[in-house]
file my_file-v7.cif (mmCIF, N, CA and C atoms)
data_run
loop_
_atom_site.label_atom_id
_atom_site.label_comp_id
_atom_site.auth_asym_id
_atom_site.auth_seq_id
_atom_site.Cartn_x
_atom_site.Cartn_y
_atom_site.Cartn_z
N MET A 163 -10.29 -1.94 -12.19
CA MET A 163 -8.86 -1.95 -12.48
C MET A 163 -8.13 -2.57 -11.28
N ARG A 164 -7.29 -3.49 -11.55
CA ARG A 164 -6.58 -4.21 -10.51
C ARG A 164 -5.29 -3.48 -10.13
N PHE A 165 -4.84 -3.73 -8.91
CA PHE A 165 -3.53 -3.25 -8.47
C PHE A 165 -2.56 -4.40 -8.71
N TYR A 166 -1.52 -4.15 -9.50
CA TYR A 166 -0.52 -5.18 -9.80
C TYR A 166 0.73 -4.92 -8.97
N PHE A 167 1.06 -5.86 -8.15
CA PHE A 167 2.23 -5.74 -7.28
C PHE A 167 3.50 -6.01 -8.07
N CYS A 168 4.50 -5.16 -7.85
CA CYS A 168 5.78 -5.27 -8.55
C CYS A 168 6.92 -5.22 -7.56
N ASP A 169 8.02 -5.81 -7.97
CA ASP A 169 9.27 -5.77 -7.20
C ASP A 169 10.33 -5.20 -8.13
N LEU A 170 10.78 -4.01 -7.85
CA LEU A 170 11.75 -3.30 -8.69
C LEU A 170 11.27 -3.19 -10.13
N GLY A 171 9.98 -2.93 -10.28
CA GLY A 171 9.41 -2.73 -11.60
C GLY A 171 8.99 -3.99 -12.32
N ARG A 172 9.30 -5.14 -11.74
CA ARG A 172 8.92 -6.41 -12.37
C ARG A 172 7.69 -6.96 -11.67
N PRO A 173 6.67 -7.36 -12.44
CA PRO A 173 5.46 -7.92 -11.83
C PRO A 173 5.77 -9.16 -10.99
N THR A 174 5.11 -9.25 -9.85
CA THR A 174 5.27 -10.42 -8.98
C THR A 174 4.30 -11.53 -9.35
N GLY A 175 3.33 -11.21 -10.21
CA GLY A 175 2.29 -12.17 -10.54
C GLY A 175 1.10 -12.08 -9.60
N ARG A 176 1.15 -11.17 -8.65
CA ARG A 176 0.08 -10.98 -7.66
C ARG A 176 -0.65 -9.68 -7.97
N SER A 177 -1.95 -9.68 -7.73
CA SER A 177 -2.73 -8.48 -7.95
C SER A 177 -3.93 -8.48 -7.00
N ALA A 178 -4.61 -7.34 -6.96
CA ALA A 178 -5.79 -7.19 -6.11
C ALA A 178 -6.84 -6.40 -6.87
N GLY A 179 -8.08 -6.84 -6.73
CA GLY A 179 -9.18 -6.16 -7.40
C GLY A 179 -10.08 -5.40 -6.45
N ASN A 180 -9.85 -5.58 -5.15
CA ASN A 180 -10.64 -4.87 -4.15
C ASN A 180 -9.77 -4.70 -2.90
N LEU A 181 -10.28 -3.98 -1.93
CA LEU A 181 -9.47 -3.69 -0.73
C LEU A 181 -9.18 -4.92 0.11
N GLU A 182 -10.07 -5.88 0.13
CA GLU A 182 -9.81 -7.10 0.89
C GLU A 182 -8.64 -7.87 0.29
N GLU A 183 -8.63 -8.02 -1.03
CA GLU A 183 -7.50 -8.68 -1.70
C GLU A 183 -6.22 -7.86 -1.55
N PHE A 184 -6.35 -6.55 -1.67
CA PHE A 184 -5.21 -5.65 -1.53
C PHE A 184 -4.59 -5.80 -0.14
N HIS A 185 -5.43 -5.79 0.87
CA HIS A 185 -4.98 -5.93 2.26
C HIS A 185 -4.26 -7.27 2.44
N GLN A 186 -4.84 -8.32 1.92
CA GLN A 186 -4.26 -9.66 2.05
C GLN A 186 -2.88 -9.73 1.39
N GLU A 187 -2.76 -9.20 0.20
CA GLU A 187 -1.48 -9.25 -0.51
C GLU A 187 -0.46 -8.33 0.15
N LEU A 188 -0.88 -7.14 0.57
CA LEU A 188 0.02 -6.22 1.25
C LEU A 188 0.58 -6.85 2.51
N ARG A 189 -0.24 -7.60 3.20
CA ARG A 189 0.16 -8.26 4.43
C ARG A 189 1.28 -9.29 4.20
N SER A 190 1.26 -9.95 3.05
CA SER A 190 2.19 -11.08 2.84
C SER A 190 3.30 -10.84 1.82
N CYS A 191 3.26 -9.73 1.11
CA CYS A 191 4.27 -9.53 0.06
C CYS A 191 5.65 -9.22 0.65
N ASN A 192 6.62 -9.39 -0.19
CA ASN A 192 8.01 -9.12 0.16
C ASN A 192 8.18 -7.65 0.52
N PRO A 193 9.00 -7.32 1.53
CA PRO A 193 9.23 -5.92 1.88
C PRO A 193 9.70 -5.06 0.71
N ALA A 194 10.43 -5.65 -0.23
CA ALA A 194 10.89 -4.88 -1.40
C ALA A 194 9.71 -4.42 -2.25
N VAL A 195 8.63 -5.18 -2.25
CA VAL A 195 7.43 -4.81 -2.98
C VAL A 195 6.78 -3.60 -2.31
N VAL A 196 6.69 -3.64 -0.99
CA VAL A 196 6.14 -2.50 -0.25
C VAL A 196 6.97 -1.25 -0.55
N TRP A 197 8.28 -1.37 -0.47
CA TRP A 197 9.19 -0.25 -0.73
C TRP A 197 8.97 0.32 -2.13
N HIS A 198 8.93 -0.56 -3.12
CA HIS A 198 8.77 -0.15 -4.52
C HIS A 198 7.52 0.72 -4.69
N HIS A 199 6.41 0.27 -4.16
CA HIS A 199 5.14 0.99 -4.34
C HIS A 199 5.03 2.21 -3.42
N MET A 200 5.59 2.11 -2.23
CA MET A 200 5.50 3.21 -1.28
C MET A 200 6.17 4.47 -1.81
N VAL A 201 7.38 4.35 -2.30
CA VAL A 201 8.12 5.54 -2.75
C VAL A 201 7.50 6.16 -3.99
N ARG A 202 6.68 5.41 -4.72
CA ARG A 202 6.01 5.92 -5.91
C ARG A 202 4.58 6.38 -5.62
N HIS A 203 4.14 6.22 -4.37
CA HIS A 203 2.78 6.58 -3.95
C HIS A 203 1.71 5.79 -4.70
N ASP A 204 2.06 4.57 -5.07
CA ASP A 204 1.13 3.74 -5.82
C ASP A 204 -0.08 3.31 -4.99
N PHE A 205 0.13 3.06 -3.72
CA PHE A 205 -0.97 2.60 -2.87
C PHE A 205 -2.07 3.66 -2.77
N SER A 206 -1.67 4.87 -2.41
CA SER A 206 -2.67 5.94 -2.25
C SER A 206 -3.30 6.31 -3.59
N ARG A 207 -2.54 6.28 -4.65
CA ARG A 207 -3.08 6.61 -5.97
C ARG A 207 -4.15 5.60 -6.39
N TRP A 208 -3.89 4.32 -6.17
CA TRP A 208 -4.87 3.28 -6.53
C TRP A 208 -6.14 3.44 -5.71
N VAL A 209 -6.01 3.67 -4.42
CA VAL A 209 -7.18 3.85 -3.57
C VAL A 209 -7.97 5.08 -4.00
N ARG A 210 -7.28 6.14 -4.34
CA ARG A 210 -7.96 7.36 -4.78
C ARG A 210 -8.65 7.17 -6.14
N ASP A 211 -7.92 6.62 -7.10
CA ASP A 211 -8.42 6.56 -8.47
C ASP A 211 -9.35 5.38 -8.74
N VAL A 212 -9.08 4.25 -8.14
CA VAL A 212 -9.85 3.04 -8.44
C VAL A 212 -10.92 2.78 -7.38
N ILE A 213 -10.54 2.79 -6.13
CA ILE A 213 -11.50 2.56 -5.05
C ILE A 213 -12.35 3.82 -4.84
N GLN A 214 -11.82 4.96 -5.23
CA GLN A 214 -12.47 6.26 -5.13
C GLN A 214 -12.84 6.61 -3.68
N ASP A 215 -11.84 6.43 -2.83
CA ASP A 215 -11.99 6.81 -1.43
C ASP A 215 -10.89 7.83 -1.13
N ALA A 216 -11.24 9.10 -1.27
CA ALA A 216 -10.27 10.17 -1.09
C ALA A 216 -9.76 10.25 0.34
N GLU A 217 -10.63 9.96 1.31
CA GLU A 217 -10.20 10.03 2.71
C GLU A 217 -9.14 8.98 3.01
N LEU A 218 -9.41 7.73 2.65
CA LEU A 218 -8.42 6.68 2.88
C LEU A 218 -7.15 6.94 2.06
N ALA A 219 -7.31 7.40 0.83
CA ALA A 219 -6.15 7.70 0.00
C ALA A 219 -5.27 8.76 0.66
N GLY A 220 -5.89 9.77 1.25
CA GLY A 220 -5.12 10.80 1.94
C GLY A 220 -4.35 10.25 3.12
N ARG A 221 -4.98 9.36 3.85
CA ARG A 221 -4.29 8.75 5.00
C ARG A 221 -3.13 7.87 4.54
N LEU A 222 -3.34 7.11 3.46
CA LEU A 222 -2.26 6.27 2.95
C LEU A 222 -1.13 7.14 2.40
N ARG A 223 -1.47 8.23 1.75
CA ARG A 223 -0.46 9.14 1.21
C ARG A 223 0.40 9.71 2.33
N ALA A 224 -0.23 10.05 3.44
CA ALA A 224 0.52 10.59 4.58
C ALA A 224 1.49 9.54 5.12
N ILE A 225 1.08 8.29 5.11
CA ILE A 225 1.97 7.21 5.56
C ILE A 225 3.10 7.04 4.57
N GLU A 226 2.79 7.05 3.27
CA GLU A 226 3.83 6.92 2.24
C GLU A 226 4.83 8.06 2.34
N ASP A 227 4.36 9.25 2.68
CA ASP A 227 5.23 10.43 2.78
C ASP A 227 5.99 10.50 4.09
N GLY A 228 5.56 9.72 5.09
CA GLY A 228 6.13 9.82 6.43
C GLY A 228 7.63 9.73 6.50
N PRO A 229 8.20 8.58 6.21
CA PRO A 229 9.66 8.46 6.32
C PRO A 229 10.37 9.11 5.14
N GLN A 230 11.51 9.67 5.40
CA GLN A 230 12.33 10.19 4.32
C GLN A 230 12.86 9.02 3.51
N ALA A 231 13.05 9.21 2.23
CA ALA A 231 13.45 8.11 1.35
C ALA A 231 14.70 7.39 1.82
N ASP A 232 15.67 8.13 2.36
CA ASP A 232 16.91 7.49 2.76
C ASP A 232 16.77 6.65 4.02
N GLU A 233 15.74 6.90 4.82
CA GLU A 233 15.56 6.10 6.02
C GLU A 233 14.39 5.12 5.90
N ALA A 234 13.61 5.24 4.84
CA ALA A 234 12.39 4.44 4.71
C ALA A 234 12.66 2.96 4.56
N LYS A 235 13.74 2.57 3.92
CA LYS A 235 14.00 1.14 3.72
C LYS A 235 14.03 0.41 5.05
N GLY A 236 14.56 1.02 6.07
CA GLY A 236 14.61 0.39 7.38
C GLY A 236 13.28 0.40 8.10
N LEU A 237 12.32 1.16 7.58
CA LEU A 237 11.02 1.29 8.22
C LEU A 237 9.90 0.62 7.43
N VAL A 238 10.24 -0.22 6.48
CA VAL A 238 9.23 -0.82 5.61
C VAL A 238 8.19 -1.58 6.41
N GLU A 239 8.60 -2.36 7.37
CA GLU A 239 7.61 -3.13 8.14
C GLU A 239 6.71 -2.22 8.97
N HIS A 240 7.26 -1.13 9.47
CA HIS A 240 6.45 -0.15 10.20
C HIS A 240 5.43 0.50 9.26
N VAL A 241 5.88 0.87 8.08
CA VAL A 241 4.99 1.48 7.08
C VAL A 241 3.91 0.48 6.68
N ARG A 242 4.30 -0.77 6.44
CA ARG A 242 3.33 -1.81 6.08
C ARG A 242 2.25 -1.91 7.16
N ALA A 243 2.66 -1.96 8.42
CA ALA A 243 1.71 -2.08 9.53
C ALA A 243 0.76 -0.89 9.57
N GLU A 244 1.27 0.31 9.34
CA GLU A 244 0.41 1.50 9.34
C GLU A 244 -0.58 1.46 8.18
N LEU A 245 -0.13 1.06 7.01
CA LEU A 245 -1.03 0.95 5.86
C LEU A 245 -2.14 -0.05 6.14
N LEU A 246 -1.77 -1.21 6.66
CA LEU A 246 -2.76 -2.24 6.99
C LEU A 246 -3.75 -1.75 8.03
N ASP A 247 -3.26 -1.06 9.04
CA ASP A 247 -4.14 -0.53 10.09
C ASP A 247 -5.18 0.44 9.53
N GLU A 248 -4.76 1.32 8.65
CA GLU A 248 -5.70 2.29 8.07
C GLU A 248 -6.78 1.59 7.25
N ILE A 249 -6.40 0.60 6.46
CA ILE A 249 -7.38 -0.14 5.67
C ILE A 249 -8.34 -0.89 6.59
N GLU A 250 -7.81 -1.51 7.62
CA GLU A 250 -8.65 -2.24 8.57
C GLU A 250 -9.62 -1.31 9.27
N ARG A 251 -9.14 -0.17 9.71
CA ARG A 251 -9.98 0.80 10.41
C ARG A 251 -11.13 1.28 9.53
N ARG A 252 -10.83 1.50 8.26
CA ARG A 252 -11.82 2.07 7.34
C ARG A 252 -12.81 1.03 6.82
N TYR A 253 -12.35 -0.18 6.53
CA TYR A 253 -13.19 -1.14 5.82
C TYR A 253 -13.36 -2.50 6.44
N LEU A 254 -12.38 -2.96 7.17
CA LEU A 254 -12.41 -4.37 7.58
C LEU A 254 -12.77 -4.58 9.04
N SER A 255 -13.04 -3.50 9.76
CA SER A 255 -13.44 -3.63 11.16
C SER A 255 -14.89 -4.09 11.24
N ALA A 256 -15.14 -4.92 12.22
CA ALA A 256 -16.51 -5.43 12.39
C ALA A 256 -17.33 -4.47 13.22
#
call {"tool": "encode", "arguments": {"input": "my_file-v7.cif", "output": "structure tokens"}}
result
Amino acid sequence: MRFYFCDLGRPTGRSAGNLEEFHQELRSCNPAVVWHHMVRHDFSRWVRDVIQDAELAGRLRAIEDGPQADEAKGLVEHVRAELLDEIERRYLSA
């Protein structure tokens, strides 16, 4: 099952079928896309349900839950960096 990136509920036309593709798209997508999925916990849910990595999903969920919704929009790039770091640490490190 692929992860379909959306911006305000509208598909961006981008998707990922594995963590490498997910990481690549997360790195380059519009901040509004990160915001849309972060507040809905879509990132952690996909990792838990599709990738079936409960440990990484828990770490991503903690990042998604970190900022309060009213302050999170200003922290999107920080949240993006943390999400990318966790994926890199778990799967993409040499």
call {"tool": "residues_around", "arguments": {"input": "my_file-v7.cif", "residues": "A:Val238", "least_positions_apart": "3", "cutoff": "9 Å", "atoms": "only C-alpha atoms", "output": "PyMOL selection string"}}
result
chain A and resi 193-194+196-197+200+234-235+241-243
call {"tool": "closest_residue", "arguments": {"input": "my_file-v7.cif", "among": "A:Cys191, A:Leu181, A:Leu237, A:Val212", "to": "A:Met163", "atoms": "all atoms listed in the file"}}
result
A:Val212
call {"tool": "closest_residue", "arguments": {"input": "my_file-v7.cif", "among": "A:Arg210, A:Leu218, A:Leu246, A:Arg202", "to": "A:Arg189", "atoms": "only N, CA and C atoms"}}
result
A:Leu246
call {"tool": "closest_residue", "arguments": {"input": "my_file-v7.cif", "among": "A:Asp211, A:His203, A:Arg221, A:Leu188", "to": "A:Glu239", "atoms": "only C-alpha atoms"}}
result
A:Leu188
call {"tool": "resolve_selection", "arguments": {"input": "my_file-v7.cif", "expression": "the PyMOL selection byres (((chain A and resi 165 and name CA) around 8) and name CA)", "output": "list of chain:residue names"}}
result
A:Met163, A:Arg164, A:Tyr166, A:Phe167, A:Ser177, A:Ala178, A:Gly179, A:Phe184, A:Trp208
call {"tool": "write_last_selection", "arguments": {"input": "my_file-v7.cif", "atoms": "N, CA and C atoms", "output": "tab-separated table (two decimals), in the frame of the given file"}}
result
chain	number	residue	atom	x	y	z
A	163	MET	N	-10.29	-1.94	-12.19
A	163	MET	CA	-8.86	-1.95	-12.48
A	163	MET	C	-8.13	-2.57	-11.28
A	164	ARG	N	-7.29	-3.49	-11.55
A	164	ARG	CA	-6.58	-4.21	-10.51
A	164	ARG	C	-5.29	-3.48	-10.13
A	166	TYR	N	-1.52	-4.15	-9.50
A	166	TYR	CA	-0.52	-5.18	-9.80
A	166	TYR	C	0.73	-4.92	-8.97
A	167	PHE	N	1.06	-5.86	-8.15
A	167	PHE	CA	2.23	-5.74	-7.28
A	167	PHE	C	3.50	-6.01	-8.07
A	177	SER	N	-1.95	-9.68	-7.73
A	177	SER	CA	-2.73	-8.48	-7.95
A	177	SER	C	-3.93	-8.48	-7.00
A	178	ALA	N	-4.61	-7.34	-6.96
A	178	ALA	CA	-5.79	-7.19	-6.11
A	178	ALA	C	-6.84	-6.40	-6.87
A	179	GLY	N	-8.08	-6.84	-6.73
A	179	GLY	CA	-9.18	-6.16	-7.40
A	179	GLY	C	-10.08	-5.40	-6.45
A	184	PHE	N	-6.35	-6.55	-1.67
A	184	PHE	CA	-5.21	-5.65	-1.53
A	184	PHE	C	-4.59	-5.80	-0.14
A	208	TRP	N	-3.89	4.32	-6.17
A	208	TRP	CA	-4.87	3.28	-6.53
A	208	TRP	C	-6.14	3.44	-5.71
call {"tool": "resolve_selection", "arguments": {"input": "my_file-v7.cif", "expression": "the PyMOL selection byres ((chain A and resi 169-173) around 6)", "output": "PyMOL selection string"}}
result
chain A and resi 167-168+174-176+194-195+198
